[in-house]
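With JSON, N, CA and C atoms inside, this is start.json:
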```
[["chain", "number", "residue", "atom", "x", "y", "z"],
["D", 1, "MET", "N", -34.15, 4.42, -18.89],
["D", 1, "MET", "CA", -33.31, 4.33, -17.71],
["D", 1, "MET", "C", -32.67, 2.95, -17.59],
["D", 2, "LYS", "N", -33.42, 1.90, -18.00],
["D", 2, "LYS", "CA", -32.86, 0.55, -17.95],
["D", 2, "LYS", "C", -31.66, 0.42, -18.87],
["D", 3, "HIS", "N", -31.72, 1.12, -19.99],
["D", 3, "HIS", "CA", -30.60, 1.06, -20.93],
["D", 3, "HIS", "C", -29.34, 1.66, -20.32],
["D", 4, "LEU", "N", -29.51, 2.70, -19.52],
["D", 4, "LEU", "CA", -28.38, 3.33, -18.85],
["D", 4, "LEU", "C", -27.76, 2.36, -17.85],
["D", 5, "TYR", "N", -28.60, 1.65, -17.09],
["D", 5, "TYR", "CA", -28.09, 0.66, -16.13],
["D", 5, "TYR", "C", -27.34, -0.46, -16.86],
["D", 6, "LEU", "N", -27.90, -0.92, -17.96],
["D", 6, "LEU", "CA", -27.23, -1.96, -18.73],
["D", 6, "LEU", "C", -25.89, -1.48, -19.27],
["D", 7, "LEU", "N", -25.84, -0.25, -19.72],
["D", 7, "LEU", "CA", -24.59, 0.31, -20.21],
["D", 7, "LEU", "C", -23.54, 0.35, -19.11],
["D", 8, "PHE", "N", -23.94, 0.80, -17.90],
["D", 8, "PHE", "CA", -23.01, 0.81, -16.78],
["D", 8, "PHE", "C", -22.55, -0.59, -16.42],
["D", 9, "PHE", "N", -23.48, -1.54, -16.45],
["D", 9, "PHE", "CA", -23.13, -2.92, -16.11],
["D", 9, "PHE", "C", -22.10, -3.48, -17.08],
["D", 10, "PHE", "N", -22.35, -3.32, -18.38],
["D", 10, "PHE", "CA", -21.42, -3.85, -19.36],
["D", 10, "PHE", "C", -20.07, -3.13, -19.32],
["D", 11, "LEU", "N", -20.09, -1.85, -19.05],
["D", 11, "LEU", "CA", -18.85, -1.10, -18.89],
["D", 11, "LEU", "C", -18.06, -1.63, -17.69],
["D", 12, "PHE", "N", -18.77, -1.87, -16.58],
["D", 12, "PHE", "CA", -18.13, -2.40, -15.38],
["D", 12, "PHE", "C", -17.53, -3.78, -15.63],
["D", 13, "VAL", "N", -18.28, -4.64, -16.31],
["D", 13, "VAL", "CA", -17.77, -5.99, -16.61],
["D", 13, "VAL", "C", -16.56, -5.90, -17.53],
["D", 14, "ALA", "N", -16.58, -5.00, -18.49],
["D", 14, "ALA", "CA", -15.44, -4.84, -19.39],
["D", 14, "ALA", "C", -14.20, -4.38, -18.62],
["D", 15, "VAL", "N", -14.38, -3.44, -17.70],
["D", 15, "VAL", "CA", -13.26, -2.97, -16.89],
["D", 15, "VAL", "C", -12.75, -4.09, -16.00],
["D", 16, "CYS", "N", -13.66, -4.84, -15.40],
["D", 16, "CYS", "CA", -13.25, -5.97, -14.55],
["D", 16, "CYS", "C", -12.48, -7.00, -15.35],
["D", 17, "SER", "N", -12.92, -7.28, -16.56],
["D", 17, "SER", "CA", -12.23, -8.26, -17.40],
["D", 17, "SER", "C", -10.84, -7.77, -17.77],
["D", 18, "GLY", "N", -10.69, -6.49, -18.01],
["D", 18, "GLY", "CA", -9.38, -5.93, -18.33],
["D", 18, "GLY", "C", -8.44, -6.01, -17.15],
["D", 19, "GLN", "N", -8.95, -5.78, -15.95],
["D", 19, "GLN", "CA", -8.12, -5.88, -14.76],
["D", 19, "GLN", "C", -7.78, -7.33, -14.46],
["D", 20, "GLU", "N", -8.69, -8.22, -14.79],
["D", 20, "GLU", "CA", -8.46, -9.64, -14.55],
["D", 20, "GLU", "C", -7.26, -10.15, -15.34],
["D", 21, "ALA", "N", -7.04, -9.60, -16.52],
["D", 21, "ALA", "CA", -5.92, -10.03, -17.35],
["D", 21, "ALA", "C", -4.58, -9.68, -16.71],
["D", 22, "LYS", "N", -4.55, -8.70, -15.83],
["D", 22, "LYS", "CA", -3.31, -8.31, -15.16],
["D", 22, "LYS", "C", -2.92, -9.31, -14.08],
["D", 23, "ALA", "N", -3.89, -10.06, -13.55],
["D", 23, "ALA", "CA", -3.58, -11.08, -12.56],
["D", 23, "ALA", "C", -3.03, -12.30, -13.30],
["D", 24, "ASN", "N", -2.75, -13.34, -12.56],
["D", 24, "ASN", "CA", -2.16, -14.52, -13.17],
["D", 24, "ASN", "C", -3.19, -15.44, -13.80],
["D", 25, "GLY", "N", -4.38, -14.95, -14.09],
["D", 25, "GLY", "CA", -5.37, -15.74, -14.81],
["D", 25, "GLY", "C", -6.54, -16.16, -13.96],
["D", 26, "ASP", "N", -7.40, -16.91, -14.60],
["D", 26, "ASP", "CA", -8.61, -17.40, -13.96],
["D", 26, "ASP", "C", -8.28, -18.51, -12.96],
["D", 27, "ILE", "N", -9.12, -18.67, -11.97],
["D", 27, "ILE", "CA", -8.93, -19.69, -10.94],
["D", 27, "ILE", "C", -9.20, -21.06, -11.55],
["D", 28, "ASP", "N", -8.28, -22.00, -11.35],
["D", 28, "ASP", "CA", -8.42, -23.35, -11.90],
["D", 28, "ASP", "C", -9.60, -24.07, -11.27],
["D", 29, "GLY", "N", -10.41, -24.70, -12.09],
["D", 29, "GLY", "CA", -11.54, -25.49, -11.61],
["D", 29, "GLY", "C", -12.66, -24.68, -10.98],
["D", 30, "PHE", "N", -12.76, -23.40, -11.31],
["D", 30, "PHE", "CA", -13.76, -22.52, -10.71],
["D", 30, "PHE", "C", -15.16, -22.93, -11.13],
["D", 31, "LYS", "N", -16.03, -23.17, -10.12],
["D", 31, "LYS", "CA", -17.43, -23.51, -10.37],
["D", 31, "LYS", "C", -18.29, -22.71, -9.42],
["D", 32, "LEU", "N", -19.33, -22.08, -9.96],
["D", 32, "LEU", "CA", -20.27, -21.27, -9.20],
["D", 32, "LEU", "C", -21.66, -21.83, -9.45],
["D", 33, "TYR", "N", -22.33, -22.28, -8.38],
["D", 33, "TYR", "CA", -23.67, -22.84, -8.55],
["D", 33, "TYR", "C", -24.45, -22.70, -7.26],
["D", 34, "PRO", "N", -25.78, -22.69, -7.27],
["D", 34, "PRO", "CA", -26.63, -22.52, -8.44],
["D", 34, "PRO", "C", -26.62, -21.07, -8.87],
["D", 35, "ASN", "N", -26.80, -20.86, -10.13],
["D", 35, "ASN", "CA", -26.87, -19.50, -10.67],
["D", 35, "ASN", "C", -27.91, -19.51, -11.77],
["D", 36, "PRO", "N", -29.10, -19.01, -11.56],
["D", 36, "PRO", "CA", -29.50, -18.04, -10.55],
["D", 36, "PRO", "C", -29.73, -18.66, -9.17],
["D", 37, "VAL", "N", -29.49, -17.84, -8.16],
["D", 37, "VAL", "CA", -29.63, -18.26, -6.76],
["D", 37, "VAL", "C", -31.07, -18.04, -6.33],
["D", 38, "THR", "N", -31.68, -19.08, -5.75],
["D", 38, "THR", "CA", -33.04, -18.95, -5.24],
["D", 38, "THR", "C", -33.14, -19.24, -3.75],
["D", 39, "THR", "N", -32.11, -19.86, -3.18],
["D", 39, "THR", "CA", -32.16, -20.28, -1.77],
["D", 39, "THR", "C", -31.38, -19.38, -0.83],
["D", 40, "GLY", "N", -30.66, -18.39, -1.33],
["D", 40, "GLY", "CA", -29.84, -17.53, -0.48],
["D", 40, "GLY", "C", -28.45, -18.09, -0.23],
["D", 41, "GLN", "N", -28.16, -19.25, -0.78],
["D", 41, "GLN", "CA", -26.83, -19.86, -0.66],
["D", 41, "GLN", "C", -26.27, -20.12, -2.05],
["D", 42, "VAL", "N", -25.01, -19.78, -2.24],
["D", 42, "VAL", "CA", -24.31, -20.08, -3.49],
["D", 42, "VAL", "C", -23.02, -20.81, -3.12],
["D", 43, "TYR", "N", -22.60, -21.73, -3.97],
["D", 43, "TYR", "CA", -21.41, -22.53, -3.69],
["D", 43, "TYR", "C", -20.32, -22.21, -4.71],
["D", 44, "ILE", "N", -19.12, -22.02, -4.20],
["D", 44, "ILE", "CA", -17.97, -21.70, -5.04],
["D", 44, "ILE", "C", -16.92, -22.78, -4.80],
["D", 45, "ASN", "N", -16.67, -23.59, -5.82],
["D", 45, "ASN", "CA", -15.67, -24.64, -5.73],
["D", 45, "ASN", "C", -14.51, -24.32, -6.65],
["D", 46, "THR", "N", -13.30, -24.67, -6.21],
["D", 46, "THR", "CA", -12.09, -24.51, -7.01],
["D", 46, "THR", "C", -11.22, -25.74, -6.86],
["D", 47, "ALA", "N", -10.23, -25.85, -7.72],
["D", 47, "ALA", "CA", -9.33, -26.99, -7.67],
["D", 47, "ALA", "C", -8.49, -26.97, -6.39],
["D", 48, "GLN", "N", -8.03, -25.79, -5.95],
["D", 48, "GLN", "CA", -7.18, -25.71, -4.76],
["D", 48, "GLN", "C", -7.97, -25.72, -3.46],
["D", 49, "ASN", "N", -9.22, -25.28, -3.51],
["D", 49, "ASN", "CA", -10.10, -25.22, -2.34],
["D", 49, "ASN", "C", -9.45, -24.44, -1.19],
["D", 50, "ALA", "N", -8.76, -23.35, -1.52],
["D", 50, "ALA", "CA", -8.12, -22.48, -0.53],
["D", 50, "ALA", "C", -9.11, -21.40, -0.09],
["D", 51, "PRO", "N", -8.79, -20.67, 0.99],
["D", 51, "PRO", "CA", -9.67, -19.55, 1.38],
["D", 51, "PRO", "C", -9.80, -18.54, 0.24],
["D", 52, "LYS", "N", -11.00, -17.97, 0.13],
["D", 52, "LYS", "CA", -11.30, -17.07, -0.97],
["D", 52, "LYS", "C", -11.83, -15.75, -0.45],
["D", 53, "GLN", "N", -11.35, -14.66, -1.03],
["D", 53, "GLN", "CA", -11.93, -13.34, -0.75],
["D", 53, "GLN", "C", -12.97, -13.11, -1.82],
["D", 54, "VAL", "N", -14.20, -12.78, -1.39],
["D", 54, "VAL", "CA", -15.31, -12.61, -2.31],
["D", 54, "VAL", "C", -15.81, -11.17, -2.24],
["D", 55, "LEU", "N", -15.90, -10.53, -3.40],
["D", 55, "LEU", "CA", -16.47, -9.20, -3.52],
["D", 55, "LEU", "C", -17.68, -9.29, -4.44],
["D", 56, "ILE", "N", -18.77, -8.61, -4.07],
["D", 56, "ILE", "CA", -19.96, -8.59, -4.91],
["D", 56, "ILE", "C", -20.31, -7.13, -5.17],
["D", 57, "PHE", "N", -20.56, -6.82, -6.46],
["D", 57, "PHE", "CA", -20.89, -5.47, -6.90],
["D", 57, "PHE", "C", -22.26, -5.47, -7.56],
["D", 58, "ASP", "N", -22.99, -4.37, -7.39],
["D", 58, "ASP", "CA", -24.26, -4.23, -8.12],
["D", 58, "ASP", "C", -23.97, -3.74, -9.53],
["D", 59, "VAL", "N", -25.01, -3.54, -10.33],
["D", 59, "VAL", "CA", -24.82, -3.17, -11.74],
["D", 59, "VAL", "C", -24.23, -1.78, -11.91],
["D", 60, "LEU", "N", -24.28, -0.96, -10.88],
["D", 60, "LEU", "CA", -23.68, 0.37, -10.97],
["D", 60, "LEU", "C", -22.22, 0.38, -10.55],
["D", 61, "GLY", "N", -21.72, -0.78, -10.11],
["D", 61, "GLY", "CA", -20.32, -0.88, -9.71],
["D", 61, "GLY", "C", -20.09, -0.61, -8.23],
["D", 62, "THR", "N", -21.16, -0.46, -7.47],
["D", 62, "THR", "CA", -21.03, -0.24, -6.03],
["D", 62, "THR", "C", -20.82, -1.58, -5.33],
["D", 63, "GLN", "N", -19.81, -1.65, -4.49],
["D", 63, "GLN", "CA", -19.56, -2.88, -3.75],
["D", 63, "GLN", "C", -20.65, -3.05, -2.69],
["D", 64, "VAL", "N", -21.35, -4.19, -2.73],
["D", 64, "VAL", "CA", -22.44, -4.43, -1.79],
["D", 64, "VAL", "C", -22.09, -5.51, -0.78],
["D", 65, "MET", "N", -21.02, -6.27, -1.01],
["D", 65, "MET", "CA", -20.62, -7.30, -0.07],
["D", 65, "MET", "C", -19.13, -7.60, -0.23],
["D", 66, "GLU", "N", -18.47, -7.84, 0.89],
["D", 66, "GLU", "CA", -17.08, -8.29, 0.90],
["D", 66, "GLU", "C", -16.93, -9.26, 2.05],
["D", 67, "THR", "N", -16.41, -10.44, 1.77],
["D", 67, "THR", "CA", -16.23, -11.44, 2.80],
["D", 67, "THR", "C", -15.13, -12.40, 2.39],
["D", 68, "THR", "N", -14.67, -13.18, 3.33],
["D", 68, "THR", "CA", -13.71, -14.25, 3.07],
["D", 68, "THR", "C", -14.36, -15.55, 3.49],
["D", 69, "ILE", "N", -14.33, -16.54, 2.60],
["D", 69, "ILE", "CA", -14.92, -17.84, 2.92],
["D", 69, "ILE", "C", -13.81, -18.89, 2.96],
["D", 70, "LEU", "N", -13.95, -19.81, 3.88],
["D", 70, "LEU", "CA", -12.98, -20.89, 4.02],
["D", 70, "LEU", "C", -13.45, -22.16, 3.32],
["D", 71, "GLY", "N", -14.75, -22.35, 3.24],
["D", 71, "GLY", "CA", -15.34, -23.50, 2.55],
["D", 71, "GLY", "C", -15.99, -23.05, 1.26],
["D", 72, "PRO", "N", -16.85, -23.88, 0.70],
["D", 72, "PRO", "CA", -17.47, -23.53, -0.58],
["D", 72, "PRO", "C", -18.74, -22.68, -0.47],
["D", 73, "GLU", "N", -19.35, -22.57, 0.71],
["D", 73, "GLU", "CA", -20.66, -21.94, 0.84],
["D", 73, "GLU", "C", -20.57, -20.44, 1.11],
["D", 74, "LEU", "N", -21.37, -19.68, 0.36],
["D", 74, "LEU", "CA", -21.46, -18.23, 0.53],
["D", 74, "LEU", "C", -22.92, -17.87, 0.73],
["D", 75, "ASN", "N", -23.21, -17.14, 1.80],
["D", 75, "ASN", "CA", -24.57, -16.71, 2.12],
["D", 75, "ASN", "C", -24.83, -15.36, 1.46],
["D", 76, "VAL", "N", -25.79, -15.34, 0.55],
["D", 76, "VAL", "CA", -26.15, -14.10, -0.14],
["D", 76, "VAL", "C", -27.60, -13.72, 0.14],
["D", 77, "SER", "N", -28.15, -14.23, 1.23],
["D", 77, "SER", "CA", -29.57, -13.98, 1.54],
["D", 77, "SER", "C", -29.84, -12.52, 1.89],
["D", 78, "ASP", "N", -28.81, -11.74, 2.25],
["D", 78, "ASP", "CA", -29.00, -10.32, 2.56],
["D", 78, "ASP", "C", -29.14, -9.45, 1.32],
["D", 79, "LEU", "N", -28.82, -10.01, 0.16],
["D", 79, "LEU", "CA", -28.88, -9.22, -1.08],
["D", 79, "LEU", "C", -30.27, -9.28, -1.70],
["D", 80, "ASP", "N", -30.69, -8.18, -2.29],
["D", 80, "ASP", "CA", -31.98, -8.11, -2.99],
["D", 80, "ASP", "C", -31.88, -8.87, -4.31],
["D", 81, "ALA", "N", -33.04, -9.24, -4.85],
["D", 81, "ALA", "CA", -33.07, -9.89, -6.16],
["D", 81, "ALA", "C", -32.49, -8.94, -7.20],
["D", 82, "GLY", "N", -31.70, -9.50, -8.11],
["D", 82, "GLY", "CA", -31.11, -8.67, -9.15],
["D", 82, "GLY", "C", -29.89, -9.32, -9.76],
["D", 83, "VAL", "N", -29.19, -8.55, -10.57],
["D", 83, "VAL", "CA", -27.97, -9.01, -11.24],
["D", 83, "VAL", "C", -26.78, -8.35, -10.57],
["D", 84, "TYR", "N", -25.76, -9.15, -10.28],
["D", 84, "TYR", "CA", -24.56, -8.69, -9.59],
["D", 84, "TYR", "C", -23.32, -9.19, -10.32],
["D", 85, "VAL", "N", -22.20, -8.61, -9.99],
["D", 85, "VAL", "CA", -20.90, -9.08, -10.48],
["D", 85, "VAL", "C", -20.17, -9.65, -9.27],
["D", 86, "LEU", "N", -19.76, -10.90, -9.38],
["D", 86, "LEU", "CA", -19.06, -11.60, -8.31],
["D", 86, "LEU", "C", -17.58, -11.69, -8.68],
["D", 87, "ARG", "N", -16.72, -11.25, -7.80],
["D", 87, "ARG", "CA", -15.28, -11.34, -8.02],
["D", 87, "ARG", "C", -14.68, -12.15, -6.88],
["D", 88, "VAL", "N", -13.94, -13.20, -7.23],
["D", 88, "VAL", "CA", -13.35, -14.11, -6.25],
["D", 88, "VAL", "C", -11.84, -14.10, -6.42],
["D", 89, "TYR", "N", -11.14, -13.88, -5.31],
["D", 89, "TYR", "CA", -9.68, -13.95, -5.28],
["D", 89, "TYR", "C", -9.27, -15.18, -4.49],
["D", 90, "GLU", "N", -8.39, -15.98, -5.07],
["D", 90, "GLU", "CA", -7.84, -17.14, -4.39],
["D", 90, "GLU", "C", -6.34, -17.18, -4.68],
["D", 91, "LYS", "N", -5.55, -16.96, -3.63],
["D", 91, "LYS", "CA", -4.10, -16.84, -3.77],
["D", 91, "LYS", "C", -3.78, -15.76, -4.78],
["D", 92, "ASP", "N", -3.08, -16.06, -5.87],
["D", 92, "ASP", "CA", -2.71, -15.04, -6.86],
["D", 92, "ASP", "C", -3.61, -15.08, -8.09],
["D", 93, "LYS", "N", -4.76, -15.71, -7.99],
["D", 93, "LYS", "CA", -5.69, -15.83, -9.12],
["D", 93, "LYS", "C", -6.99, -15.10, -8.82],
["D", 94, "VAL", "N", -7.72, -14.78, -9.88],
["D", 94, "VAL", "CA", -8.99, -14.07, -9.73],
["D", 94, "VAL", "C", -9.99, -14.59, -10.77],
["D", 95, "ALA", "N", -11.26, -14.61, -10.38],
["D", 95, "ALA", "CA", -12.33, -14.99, -11.31],
["D", 95, "ALA", "C", -13.47, -13.99, -11.13],
["D", 96, "THR", "N", -14.06, -13.58, -12.24],
["D", 96, "THR", "CA", -15.18, -12.65, -12.23],
["D", 96, "THR", "C", -16.34, -13.28, -12.98],
["D", 97, "ARG", "N", -17.50, -13.31, -12.35],
["D", 97, "ARG", "CA", -18.68, -13.92, -12.97],
["D", 97, "ARG", "C", -19.92, -13.08, -12.68],
["D", 98, "LYS", "N", -20.91, -13.24, -13.52],
["D", 98, "LYS", "CA", -22.21, -12.63, -13.30],
["D", 98, "LYS", "C", -22.99, -13.52, -12.32],
["D", 99, "LEU", "N", -23.64, -12.92, -11.35],
["D", 99, "LEU", "CA", -24.43, -13.63, -10.36],
["D", 99, "LEU", "C", -25.85, -13.08, -10.39],
["D", 100, "ILE", "N", -26.81, -13.98, -10.56],
["D", 100, "ILE", "CA", -28.22, -13.58, -10.58],
["D", 100, "ILE", "C", -28.90, -14.11, -9.33],
["D", 101, "ILE", "N", -29.59, -13.23, -8.62],
["D", 101, "ILE", "CA", -30.32, -13.61, -7.41],
["D", 101, "ILE", "C", -31.80, -13.38, -7.69],
["D", 102, "LYS", "N", -32.60, -14.43, -7.52],
["D", 102, "LYS", "CA", -34.05, -14.33, -7.73],
["D", 102, "LYS", "C", -34.78, -14.19, -6.42]]
```

I'd like the structure from this file rewritten - as structure tokens, please.
Amino acid sequence: MKHLYLLFFFLFVAVCSGQEAKANGDIDGFKLYPNPVTTGQVYINTAQNAPKQVLIFDVLGTQVMETTILGPELNVSDLDAGVYVLRVYEKDKVATRKLIIK
């Protein structure tokens, strides 16, 4: 069963990466830390430091969180421990990363 979840996860990441190429590219200066998250807070810094729309998906591709942040701090304390896909939109750019919550 774990192999099936991994297959779905990698398929989802591949689809996300393909869609990302349609946008105008990766966000300049994108930094996500700490990863893995242990404190319930994750920080997202970019070169423009503009408001960001953040989407988080579980390994099955189900959206588990959607929010807009104005600063660098994102509260993920409501999420269970596990592996997630984080997608960040800033202006006309997008970045997709793996997010691990312990």

Within 12 Å of file point (-8.6, -23.7, -14.5), counting only C-alpha atoms, expressed as an MDAnalysis selection string:
chainID D and resid 24:31 45:48 93:95

Among listed residues D:Thr62, D:Gly82, D:Ile44, D:Val54, nearest Leu32 in chain D (using all atoms listed in the file):
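Of all the options, D:Ile44 lies closest to Leu32 in chain D.
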
When you draw a straight line from CA of Asp80 in chain D to CA of Thr38 in chain D, how long is it in Å?
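So the answer is 11.1 Å.
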
Hey, what's within 7 Å of Leu74 in chain D if we count only N, CA and C atoms and toss same-chain stuff fewer than 5 positions away? As a PyMOL selection string, please?
chain D and resi 40-44+69

Residue with smallest distance to Ile101 in chain D - pool D:Arg87, D:Pro34, D:Ala81, D:Phe57, counting all atoms listed in the file
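Among D:Arg87, D:Pro34, D:Ala81, D:Phe57, it is D:Ala81 that comes nearest to Ile101 in chain D.
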
For range 62-71 of chain D, take all atoms listed in the file, fit an axis-aligned box around them, add 4 Å to each of the six sides, then output centre and edge lengths in Å rounded to one decimal, as AutoDock Vina command-line options.
```
--center_x -17.7 --center_y -11.9 --center_z -1.7 --size_x 17.5 --size_y 31.3 --size_z 19.5
```

With distances taken over all atoms listed in the file, which of D:Tyr33, D:Arg97, D:Asn75, D:Leu86 is nearest to Leu55 in chain D?
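Closest candidate: D:Leu86.
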
Could you jot down the CA of Met65 in chain D to CA of Leu79 in chain D separation for me, Å, one decimal place?
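About the pair CA of Met65 in chain D and CA of Leu79 in chain D: they are 8.5 Å apart.
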
Would you compute the distance between atom N of Glu66 in chain D and CA of Asn49 in chain D? Give it in Å to one decimal.
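So the answer is 19.6 Å.
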
Once DSSP has gone over the backbone, tell me which residues of range 58-98 of chain D are in strand (DSSP E or B), as a ChimeraX atom specification.
/D:63-69,73-75,82-90,93-98

Residue neighbourhood Gln53 in chain D, 6 Å, only C-alpha atoms, exclusion window fewer than 4 positions, as a short mmCIF file (atom, residue, chain, number, x, y, z; two decimals) with N, CA and C atoms, in the frame of the given file:
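Saved as part-v6.cif:
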```
data_model
loop_
_atom_site.label_atom_id
_atom_site.label_comp_id
_atom_site.auth_asym_id
_atom_site.auth_seq_id
_atom_site.Cartn_x
_atom_site.Cartn_y
_atom_site.Cartn_z
N THR D 67 -16.41 -10.44 1.77
CA THR D 67 -16.23 -11.44 2.80
C THR D 67 -15.13 -12.40 2.39
N THR D 68 -14.67 -13.18 3.33
CA THR D 68 -13.71 -14.25 3.07
C THR D 68 -14.36 -15.55 3.49
N VAL D 88 -13.94 -13.20 -7.23
CA VAL D 88 -13.35 -14.11 -6.25
C VAL D 88 -11.84 -14.10 -6.42
N TYR D 89 -11.14 -13.88 -5.31
CA TYR D 89 -9.68 -13.95 -5.28
C TYR D 89 -9.27 -15.18 -4.49
#
```

Find the residue from D:Ile100, D:Ile56, D:Val37, D:Ala50 that sits nearest to Gly71 in chain D; use only N, CA and C atoms when measuring.
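Answer, going by the shortest atom-to-atom distance: D:Ala50.
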